Amino acid sequence: GYLFHTDVGCVFNSSDLNDIEYFQIYNYNKLKLFRFSSTLDKYVGYTEFGIKQATAFNNDKDIIADARARKEYICLNNIKLDYESALTKS
């Protein structure tokens, strides 16, 4: 059945790192528990359990540093490829 999964994505208007939002959403049984947003630069909870998890994650400097690094590692590299691909086809 359906249990736990995460959604990871990037929202962007340009290839400039400041214009990119990285997010990771944690879900359990189709219910959004909590998420990280690089725009807010923190985790936000949506349920009682999610709020506890978000608070714990926000208080862990290593977890926050890792989430910030993923913005550049995942989003920036892929967005550059997307832009190059789109420009060569236009």
# chains A, B, ... in the order shown; residues from 1 in each chain; ligands from 1
$ residues_around --residues "region 69-84 of chain A" --least-positions-apart "5" --cutoff "9 Å" --atoms "only C-alpha atoms" --output "ChimeraX atom specification"
/A:9-12,14-17,20-23,38,64,89
$ write_last_selection --atoms "N, CA and C atoms" --output "CSV table (one decimal), in the first residue's frame"
chain,number,residue,atom,x,y,z
A,9,GLY,N,11.7,19.0,-5.5
A,9,GLY,CA,11.6,19.7,-6.7
A,9,GLY,C,12.3,21.1,-6.6
A,10,CYS,N,12.3,21.7,-7.8
A,10,CYS,CA,12.9,23.0,-7.9
A,10,CYS,C,11.9,23.9,-8.7
A,11,VAL,N,11.8,25.1,-8.3
A,11,VAL,CA,10.9,26.1,-9.0
A,11,VAL,C,11.9,27.2,-9.3
A,12,PHE,N,11.9,27.6,-10.6
A,12,PHE,CA,12.9,28.6,-11.0
A,12,PHE,C,12.3,29.5,-12.1
A,14,SER,N,15.0,31.6,-13.6
A,14,SER,CA,16.2,31.8,-14.3
A,14,SER,C,17.2,30.8,-13.7
A,15,SER,N,18.4,30.8,-14.2
A,15,SER,CA,19.5,29.9,-13.8
A,15,SER,C,20.3,30.5,-12.6
A,16,ASP,N,19.9,31.7,-12.2
A,16,ASP,CA,20.5,32.4,-11.0
A,16,ASP,C,20.1,31.7,-9.7
A,17,LEU,N,21.1,31.3,-8.9
A,17,LEU,CA,20.8,30.5,-7.7
A,17,LEU,C,19.8,31.2,-6.8
A,20,ILE,N,16.0,30.5,-7.5
A,20,ILE,CA,15.6,29.1,-7.4
A,20,ILE,C,15.0,28.7,-6.1
A,21,GLU,N,13.9,28.1,-6.0
A,21,GLU,CA,13.4,27.5,-4.8
A,21,GLU,C,13.5,26.0,-4.8
A,22,TYR,N,14.2,25.5,-3.8
A,22,TYR,CA,14.2,24.0,-3.6
A,22,TYR,C,13.2,23.6,-2.5
A,23,PHE,N,12.5,22.5,-2.8
A,23,PHE,CA,11.6,22.1,-1.7
A,23,PHE,C,11.7,20.5,-1.6
A,38,SER,N,13.5,26.3,0.6
A,38,SER,CA,14.7,27.1,0.6
A,38,SER,C,14.4,28.6,0.6
A,64,ILE,N,20.0,21.2,8.4
A,64,ILE,CA,19.7,22.5,7.7
A,64,ILE,C,20.8,22.7,6.6
A,89,LYS,N,17.0,24.1,-28.8
A,89,LYS,CA,15.8,23.7,-29.5
A,89,LYS,C,15.0,24.9,-30.0
$ select_by_dssp --residues "region 16-85 of chain A" --states "helix (DSSP H, G or I)" --output "PyMOL selection string"
chain A and resi 17-19+48-58+61-85
$ write_last_selection --atoms "N, CA, C and O atoms" --output "compact mmCIF listing (two decimals), in the first residue's frame"
# COMPACT_ATOMS: atom_id res chain seq x y z
N LEU A 17 21.06 31.27 -8.91
CA LEU A 17 20.77 30.51 -7.70
C LEU A 17 19.79 31.24 -6.79
O LEU A 17 18.97 30.62 -6.11
N ASN A 18 19.80 32.57 -6.78
CA ASN A 18 18.88 33.34 -5.93
C ASN A 18 17.43 33.27 -6.41
O ASN A 18 16.52 33.59 -5.65
N ASP A 19 17.22 32.90 -7.67
CA ASP A 19 15.87 32.81 -8.23
C ASP A 19 15.30 31.39 -8.17
O ASP A 19 14.26 31.12 -8.76
N GLU A 48 0.50 17.64 13.73
CA GLU A 48 1.14 17.66 15.04
C GLU A 48 2.51 16.97 14.98
O GLU A 48 3.51 17.49 15.48
N PHE A 49 2.54 15.79 14.37
CA PHE A 49 3.80 15.07 14.21
C PHE A 49 4.76 15.86 13.32
O PHE A 49 5.95 15.96 13.62
N GLY A 50 4.25 16.42 12.24
CA GLY A 50 5.09 17.19 11.32
C GLY A 50 5.70 18.42 11.96
O GLY A 50 6.85 18.77 11.67
N ILE A 51 4.96 19.07 12.83
CA ILE A 51 5.49 20.25 13.53
C ILE A 51 6.65 19.84 14.44
O ILE A 51 7.67 20.51 14.50
N LYS A 52 6.50 18.70 15.12
CA LYS A 52 7.59 18.20 15.98
C LYS A 52 8.82 17.85 15.14
O LYS A 52 9.95 18.17 15.53
N GLN A 53 8.60 17.21 14.01
CA GLN A 53 9.73 16.85 13.14
C GLN A 53 10.40 18.11 12.59
O GLN A 53 11.62 18.21 12.55
N ALA A 54 9.60 19.06 12.14
CA ALA A 54 10.16 20.30 11.58
C ALA A 54 10.98 21.04 12.64
O ALA A 54 12.08 21.53 12.34
N THR A 55 10.48 21.09 13.85
CA THR A 55 11.22 21.75 14.93
C THR A 55 12.54 21.05 15.19
O THR A 55 13.58 21.71 15.32
N ALA A 56 12.51 19.73 15.24
CA ALA A 56 13.74 18.96 15.47
C ALA A 56 14.73 19.17 14.33
O ALA A 56 15.93 19.37 14.56
N PHE A 57 14.25 19.14 13.10
CA PHE A 57 15.13 19.33 11.94
C PHE A 57 15.70 20.75 11.92
O PHE A 57 16.86 20.95 11.61
N ASN A 58 14.88 21.74 12.25
CA ASN A 58 15.34 23.13 12.25
C ASN A 58 16.40 23.37 13.33
O ASN A 58 17.23 24.27 13.17
N LYS A 61 21.76 21.74 13.03
CA LYS A 61 22.52 22.53 12.06
C LYS A 61 22.98 21.70 10.87
O LYS A 61 23.04 22.20 9.74
N ASP A 62 23.29 20.42 11.08
CA ASP A 62 23.74 19.56 9.99
C ASP A 62 22.62 19.28 8.99
O ASP A 62 22.84 19.26 7.79
N ILE A 63 21.42 19.06 9.50
CA ILE A 63 20.28 18.81 8.60
C ILE A 63 19.97 20.05 7.77
O ILE A 63 19.73 19.96 6.57
N ILE A 64 19.98 21.22 8.39
CA ILE A 64 19.71 22.47 7.67
C ILE A 64 20.81 22.72 6.63
O ILE A 64 20.52 23.09 5.49
N ALA A 65 22.06 22.50 7.00
CA ALA A 65 23.17 22.70 6.05
C ALA A 65 23.04 21.75 4.87
O ALA A 65 23.28 22.14 3.71
N ASP A 66 22.63 20.51 5.13
CA ASP A 66 22.44 19.54 4.05
C ASP A 66 21.31 19.97 3.12
O ASP A 66 21.43 19.89 1.90
N ALA A 67 20.21 20.45 3.69
CA ALA A 67 19.07 20.90 2.86
C ALA A 67 19.48 22.09 2.00
O ALA A 67 19.12 22.17 0.83
N ARG A 68 20.24 23.02 2.56
CA ARG A 68 20.72 24.17 1.79
C ARG A 68 21.64 23.73 0.65
O ARG A 68 21.57 24.26 -0.46
N ALA A 69 22.50 22.76 0.93
CA ALA A 69 23.44 22.28 -0.09
C ALA A 69 22.72 21.58 -1.23
O ALA A 69 23.14 21.66 -2.39
N ARG A 70 21.61 20.91 -0.92
CA ARG A 70 20.86 20.21 -1.97
C ARG A 70 20.28 21.16 -3.00
O ARG A 70 20.09 20.80 -4.16
N LYS A 71 19.99 22.39 -2.60
CA LYS A 71 19.48 23.39 -3.55
C LYS A 71 20.48 23.57 -4.69
O LYS A 71 20.12 23.52 -5.86
N GLU A 72 21.74 23.75 -4.34
CA GLU A 72 22.76 23.94 -5.37
C GLU A 72 23.05 22.64 -6.10
O GLU A 72 23.14 22.60 -7.31
N TYR A 73 23.17 21.55 -5.34
CA TYR A 73 23.55 20.26 -5.91
C TYR A 73 22.48 19.73 -6.87
O TYR A 73 22.78 19.28 -7.97
N ILE A 74 21.23 19.80 -6.48
CA ILE A 74 20.15 19.25 -7.30
C ILE A 74 19.62 20.27 -8.30
O ILE A 74 19.56 20.02 -9.50
N CYS A 75 19.24 21.44 -7.81
CA CYS A 75 18.55 22.41 -8.66
C CYS A 75 19.48 23.10 -9.65
O CYS A 75 19.21 23.09 -10.86
N LEU A 76 20.54 23.70 -9.15
CA LEU A 76 21.38 24.52 -10.02
C LEU A 76 21.96 23.73 -11.18
O LEU A 76 21.89 24.16 -12.33
N ASN A 77 22.48 22.54 -10.91
CA ASN A 77 23.06 21.74 -11.98
C ASN A 77 22.03 21.32 -13.02
O ASN A 77 22.30 21.37 -14.22
N ASN A 78 20.85 20.91 -12.57
CA ASN A 78 19.83 20.46 -13.52
C ASN A 78 19.20 21.62 -14.28
O ASN A 78 18.86 21.47 -15.45
N ILE A 79 19.04 22.75 -13.64
CA ILE A 79 18.45 23.90 -14.32
C ILE A 79 19.36 24.39 -15.43
O ILE A 79 18.90 24.75 -16.52
N LYS A 80 20.67 24.39 -15.20
CA LYS A 80 21.60 24.77 -16.27
C LYS A 80 21.44 23.85 -17.46
O LYS A 80 21.41 24.30 -18.61
N LEU A 81 21.28 22.56 -17.22
CA LEU A 81 21.06 21.61 -18.32
C LEU A 81 19.74 21.88 -19.02
O LEU A 81 19.65 21.81 -20.25
N ASP A 82 18.69 22.17 -18.25
CA ASP A 82 17.38 22.46 -18.84
C ASP A 82 17.43 23.69 -19.72
O ASP A 82 16.88 23.71 -20.82
N TYR A 83 18.10 24.75 -19.24
CA TYR A 83 18.22 25.97 -20.04
C TYR A 83 19.00 25.71 -21.32
O TYR A 83 18.60 26.15 -22.41
N GLU A 84 20.13 25.00 -21.22
CA GLU A 84 20.93 24.71 -22.42
C GLU A 84 20.13 23.89 -23.42
O GLU A 84 20.16 24.15 -24.62
N SER A 85 19.38 22.93 -22.94
CA SER A 85 18.57 22.08 -23.82
C SER A 85 17.48 22.90 -24.50
O SER A 85 17.24 22.77 -25.69
$ select_by_dssp --residues "chain A" --states "strand (DSSP E or B)" --output "list of chain:residue names"
A:Phe4, A:His5, A:Thr6, A:Asp7, A:Val8, A:Gly9, A:Cys10, A:Val11, A:Phe12, A:Ile20, A:Glu21, A:Tyr22, A:Phe23, A:Gln24, A:Ile25, A:Tyr26, A:Asn27, A:Tyr28, A:Leu31, A:Lys32, A:Leu33, A:Phe34, A:Arg35, A:Phe36, A:Ser37, A:Lys42, A:Tyr43, A:Val44, A:Gly45
$ atom_distance --atom1 "CA of Asn13 (chain A)" --atom2 "CA of Leu31 (chain A)"
28.7 Å
$ residues_around --residues "Phe4 (chain A)" --least-positions-apart "6" --cutoff "8 Å" --atoms "only C-alpha atoms" --output "PyMOL selection string"
chain A and resi 26-29
$ decode --residues "region 1-33 of chain A" --atoms "N, CA, C and O atoms" --output "compact mmCIF listing (two decimals), in the first residue's frame"
# COMPACT_ATOMS: atom_id res chain seq x y z
N GLY A 1 0.80 -1.17 0.00
CA GLY A 1 0.00 0.00 0.00
C GLY A 1 0.86 1.26 0.00
O GLY A 1 2.05 1.24 -0.23
N TYR A 2 0.22 2.31 0.27
CA TYR A 2 0.82 3.63 0.26
C TYR A 2 1.27 3.95 1.68
O TYR A 2 0.50 3.94 2.61
N LEU A 3 2.54 4.24 1.87
CA LEU A 3 3.00 4.64 3.19
C LEU A 3 3.75 5.95 3.14
O LEU A 3 3.15 7.00 3.18
N PHE A 4 5.06 5.91 3.02
CA PHE A 4 5.89 7.10 3.13
C PHE A 4 6.56 7.43 1.80
O PHE A 4 7.04 6.53 1.12
N HIS A 5 6.57 8.68 1.44
CA HIS A 5 7.38 9.12 0.31
C HIS A 5 7.69 10.61 0.44
O HIS A 5 7.04 11.33 1.18
N THR A 6 8.72 11.02 -0.31
CA THR A 6 9.07 12.44 -0.34
C THR A 6 8.96 12.94 -1.76
O THR A 6 9.21 12.21 -2.72
N ASP A 7 8.58 14.20 -1.88
CA ASP A 7 8.57 14.90 -3.16
C ASP A 7 9.68 15.94 -3.10
O ASP A 7 9.77 16.70 -2.15
N VAL A 8 10.52 15.95 -4.12
CA VAL A 8 11.62 16.90 -4.20
C VAL A 8 11.49 17.65 -5.51
O VAL A 8 11.19 17.04 -6.54
N GLY A 9 11.71 18.96 -5.47
CA GLY A 9 11.60 19.71 -6.71
C GLY A 9 12.26 21.07 -6.63
O GLY A 9 12.72 21.51 -5.57
N CYS A 10 12.31 21.70 -7.79
CA CYS A 10 12.91 23.02 -7.93
C CYS A 10 11.95 23.89 -8.73
O CYS A 10 11.42 23.45 -9.75
N VAL A 11 11.75 25.10 -8.27
CA VAL A 11 10.94 26.08 -8.98
C VAL A 11 11.89 27.21 -9.35
O VAL A 11 12.62 27.71 -8.49
N PHE A 12 11.88 27.61 -10.63
CA PHE A 12 12.86 28.61 -11.05
C PHE A 12 12.34 29.50 -12.15
O PHE A 12 11.47 29.12 -12.93
N ASN A 13 12.88 30.73 -12.20
CA ASN A 13 12.59 31.69 -13.25
C ASN A 13 13.82 32.00 -14.07
O ASN A 13 13.73 32.62 -15.12
N SER A 14 14.98 31.63 -13.55
CA SER A 14 16.24 31.82 -14.27
C SER A 14 17.24 30.82 -13.71
O SER A 14 16.93 30.08 -12.78
N SER A 15 18.44 30.81 -14.25
CA SER A 15 19.46 29.91 -13.76
C SER A 15 20.28 30.53 -12.62
O SER A 15 21.24 29.94 -12.15
N ASP A 16 19.88 31.72 -12.16
CA ASP A 16 20.53 32.36 -11.03
C ASP A 16 20.10 31.65 -9.74
O ASP A 16 18.91 31.45 -9.50
N LEU A 17 21.06 31.27 -8.91
CA LEU A 17 20.77 30.51 -7.70
C LEU A 17 19.79 31.24 -6.79
O LEU A 17 18.97 30.62 -6.11
N ASN A 18 19.80 32.57 -6.78
CA ASN A 18 18.88 33.34 -5.93
C ASN A 18 17.43 33.27 -6.41
O ASN A 18 16.52 33.59 -5.65
N ASP A 19 17.22 32.90 -7.67
CA ASP A 19 15.87 32.81 -8.23
C ASP A 19 15.30 31.39 -8.17
O ASP A 19 14.26 31.12 -8.76
N ILE A 20 15.98 30.49 -7.48
CA ILE A 20 15.58 29.09 -7.44
C ILE A 20 15.03 28.75 -6.06
O ILE A 20 15.62 29.10 -5.05
N GLU A 21 13.88 28.07 -6.03
CA GLU A 21 13.38 27.54 -4.77
C GLU A 21 13.51 26.02 -4.80
O GLU A 21 13.04 25.37 -5.74
N TYR A 22 14.15 25.46 -3.80
CA TYR A 22 14.24 24.02 -3.62
C TYR A 22 13.25 23.63 -2.54
O TYR A 22 13.12 24.31 -1.53
N PHE A 23 12.52 22.54 -2.75
CA PHE A 23 11.61 22.06 -1.71
C PHE A 23 11.68 20.55 -1.60
O PHE A 23 12.02 19.86 -2.56
N GLN A 24 11.40 20.07 -0.42
CA GLN A 24 11.28 18.64 -0.16
C GLN A 24 10.10 18.46 0.77
O GLN A 24 10.06 19.04 1.86
N ILE A 25 9.13 17.66 0.33
CA ILE A 25 7.90 17.45 1.08
C ILE A 25 7.87 16.01 1.57
O ILE A 25 8.08 15.08 0.79
N TYR A 26 7.61 15.82 2.85
CA TYR A 26 7.53 14.50 3.46
C TYR A 26 6.06 14.14 3.65
O TYR A 26 5.31 14.89 4.28
N ASN A 27 5.66 13.00 3.09
CA ASN A 27 4.27 12.55 3.12
C ASN A 27 4.15 11.18 3.76
O ASN A 27 5.04 10.34 3.61
N TYR A 28 3.04 10.94 4.44
CA TYR A 28 2.73 9.63 4.99
C TYR A 28 1.25 9.36 4.76
O TYR A 28 0.39 10.16 5.17
N ASN A 29 0.95 8.25 4.10
CA ASN A 29 -0.43 7.90 3.76
C ASN A 29 -1.18 9.06 3.11
O ASN A 29 -2.28 9.43 3.52
N LYS A 30 -0.55 9.66 2.11
CA LYS A 30 -1.11 10.74 1.31
C LYS A 30 -1.34 12.03 2.09
O LYS A 30 -2.02 12.93 1.63
N LEU A 31 -0.79 12.13 3.29
CA LEU A 31 -0.93 13.31 4.13
C LEU A 31 0.40 14.04 4.20
O LEU A 31 1.43 13.44 4.53
N LYS A 32 0.39 15.33 3.88
CA LYS A 32 1.61 16.12 3.94
C LYS A 32 1.94 16.38 5.40
O LYS A 32 1.15 16.98 6.13
N LEU A 33 3.12 15.89 5.84
CA LEU A 33 3.53 16.04 7.23
C LEU A 33 4.32 17.33 7.46
O LEU A 33 3.99 18.13 8.33
